[in-house]
Every structure is written in C-alpha cells, then in structure tokens.
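First up is the structure itself, then whatever we jot down about it.
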Amino acid sequence: LSCPKCNTLQPLPSDIDFYKAMDLDFASVPNGGWEVDPSALKRAWRLKMAATHPDRMVGRTEKEQQIGAQQSALINRAYETLLNPLPRAHYLLERHHAPEVSESDSLEDPELLMEVMELRERLEEAGSEEEAAEVRADNAKLLQASVDALASAFGQTPPDLDAAREAAVQLRYWSNIDKAAREWSPGKGVELQH
C-alpha cells in the first residue's frame, strides 16, 4: 500500500488478487479459497481503510489522494467480493478461468426450478410478515445447501468447476428470493432478478 522508505501511498495494480489485497494467503484459505474467515477479513479491511480512507488523505498531495481513493475503492470491492458468497463464487470461478456465470444461465434441474417458482408464488401470496418470514426460512435452507455445495466443489483438488458453476447459478436464485422476502411488504409485487 505504501512505500516503507518514504511512507507515501503507491498505486495498486487494478488486477491485484483480492486475497492478496486483503492480506490473505490464498493457499491457506480452506476449501480452495472458499472458507474465508469473516472476522479476519473485516480486521484486514479496517486496517487498510485506516490508511486509505479519503478522510485520512487530507493534507496529502493530489496524486496521493487519487491513489488513496483508488486503493480505497479496490479494498472495498475486494472486501465485499470475498465476504459475500455469490460474488466470491463468481470470483473463484474467474480465478480458475471457468466460463462466467451470467444472468442468462438458468437452472437445468426441473425440480429446482419448481422450488423457485413455488417459493416465489408463496411470497406473492403472503398476507403477512410472518408468511414472508416462513418463505425466507425455507429458502435459507436451500441457500445454505448451495453454499455448502460451493465449499465442496472448490475444496476438491482440482476444484469441480462444473459443480461450482451449477451451485453458483442456484445460489443466485436463492439469493434473489431471500432479497425479495426481506423487502416484502403487503401489496407490493414480488420482483425477482435472475
């Protein structure tokens, strides 16, 4: 982040590995980088933000302020990506040069598609916060199963990228249902992004 000799911020490459940016040794992160310790990640984020936050750049040169803003944005992006399962799955797939999971990727399993449609219908028909919470609780089990499948897929040597992609597609659906259930309110339509 900064030069040890002159204590000035140095630019980071835009393609820096997010694990390295957060001072995590990728090789020591369990399940092929999947099992990130959220508290260690948050500690690293706080330390890095303490050095690069725009409020800390007051009185620095314009160039250092620009570098600080660039580093701060990159650190925030790395933190959010590694903290949250869906962007972490996409990032790990990208690291392994697997085909990108896109919005056009859909569930191949008709049973899973039926579960998605059933949860959506239950959410649309929910008449109370309790009913929406029930949908969210049922969905949480499916979401966790996808997270577990990702841990298993990335934990193999070599990683099972087909299984990881499939689990990432499923996780996108469950995450969208979770978001819709959290945002549920009486009379509001249910909009799911897939």
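As shown in the structure tokens, the chain order sets the letters A, B, ...; within each chain, residues go from 1, and ligands are also counted from 1 in the order they appear.
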If we count only C-alpha atoms and set the cut-off at 9 Å, which residues sit around range 8-19 of chain A, ignoring sequence neighbours fewer than 2 positions away in its own chain? Please answer as number ranges by chain. A: 1-6, 21-26, 33, 51-52, 64-65, 67-68, 70-71, 74-75, 77-79, 81-82, 91, 95
Store the residues picked out above, limited to C-alpha atoms, as a CSV table (one decimal), in the first residue's frame.
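Output contents, as saved in selection_2.csv:
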```
chain,number,residue,atom,x,y,z
A,1,LEU,CA,0.0,0.0,0.0
A,2,SER,CA,2.7,2.5,0.9
A,3,CYS,CA,6.4,2.7,0.4
A,4,PRO,CA,8.2,1.8,3.6
A,5,LYS,CA,11.0,4.2,2.9
A,6,CYS,CA,9.1,7.4,2.2
A,21,ALA,CA,-5.2,-7.2,-1.4
A,22,MET,CA,-6.8,-8.3,1.9
A,23,ASP,CA,-3.5,-9.8,3.1
A,24,LEU,CA,-4.9,-13.3,2.9
A,25,ASP,CA,-2.7,-16.2,1.8
A,26,PHE,CA,-4.9,-17.9,-0.8
A,33,GLY,CA,-10.3,-20.1,-1.1
A,51,ALA,CA,-4.6,4.0,5.7
A,52,THR,CA,-6.5,4.8,2.6
A,64,GLU,CA,-1.6,10.6,-3.2
A,65,GLN,CA,-5.3,11.5,-2.7
A,67,ILE,CA,-4.0,6.8,-5.2
A,68,GLY,CA,-5.8,6.6,-1.8
A,70,GLN,CA,-8.2,4.1,-6.0
A,71,GLN,CA,-6.9,1.9,-3.2
A,74,LEU,CA,-10.3,-1.6,-4.6
A,75,ILE,CA,-10.1,-2.6,-0.9
A,77,ARG,CA,-14.5,-4.2,-3.8
A,78,ALA,CA,-12.2,-7.0,-2.6
A,79,TYR,CA,-13.9,-7.0,0.9
A,81,THR,CA,-16.5,-9.8,-3.0
A,82,LEU,CA,-14.8,-12.1,-0.5
A,91,TYR,CA,-14.5,-14.5,-8.3
A,95,ARG,CA,-9.6,-17.2,-10.9
```
Residue set, range 10-140 of chain A restricted to helix (DSSP H, G or I), as JSON, numbers by chain: {"A": [18, 19, 20, 21, 26, 27, 28, 38, 39, 40, 41, 42, 43, 44, 45, 46, 47, 48, 49, 50, 51, 52, 54, 55, 56, 57, 62, 63, 64, 65, 66, 67, 68, 69, 70, 71, 72, 73, 74, 75, 76, 77, 78, 79, 80, 81, 82, 83, 85, 86, 87, 88, 89, 90, 91, 92, 93, 94, 95, 110, 111, 112, 113, 114, 115, 116, 117, 118, 119, 120, 121, 122, 123, 124, 125, 129, 130, 131, 132, 133, 134, 135, 136, 137, 138, 139, 140]}
Considering only C-alpha atoms, return as a ChimeraX atom specification whatever protein or nucleic-acid residues lie within 9 Å of Gln170 in chain A, sequence-local ones (same chain, fewer than 3 positions apart) excluded. /A:106-107,112,142-143,146,165-167,173-175
Correct to one decimal, the distance CA of Asn84 in chain A-CA of Val147 in chain A is 10.4 Å
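In this structure, CA of Met117 in chain A sits 26.4 Å away from CA of Leu161 in chain A.
Compared by their closest atoms to Ala126 in chain A, and using only C-alpha atoms, the residues A:Leu47, A:Met57, A:Ala27, A:Ala181 rank with A:Ala181 nearest.
Put simply, CA of Ala164 in chain A is 7.6 Å away from CA of Leu93 in chain A.
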Counting only C-alpha atoms, the residue among A:Ser72, A:Ser185, A:Gln66, A:Thr157 that lies closest to Ser128 in chain A is A:Ser185
query = Quick one: residues within 9 Å of Gly155 in chain A, only C-alpha atoms counted, chain neighbours fewer than 3 positions away excluded, as a ChimeraX atom specification?
reply = /A:30-34,150-152,158-160
- Task: Find the spatial neighbours of Gly127 in chain A, counting only C-alpha atoms, within a cut-off of 7 Å - ignore same-chain residues fewer than 2 positions away - and output them as a PyMOL selection string.
- Result: chain A and resi 125+131+186
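Closest approach to His90 in chain A from the set A:Asp178, A:Leu171, A:Trp184, A:Ser39 is made by A:Leu171, with distances taken over only C-alpha atoms.
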Using only C-alpha atoms, the best pick from A:Ile177, A:Ala73, A:Ala149, A:Ala132 as closest to Val116 in chain A would be A:Ile177
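When only C-alpha atoms are used to measure the gap to Phe154 in chain A, the shortest distance among A:Ala133, A:Leu113, A:Val29, A:Ala140 belongs to A:Val29.
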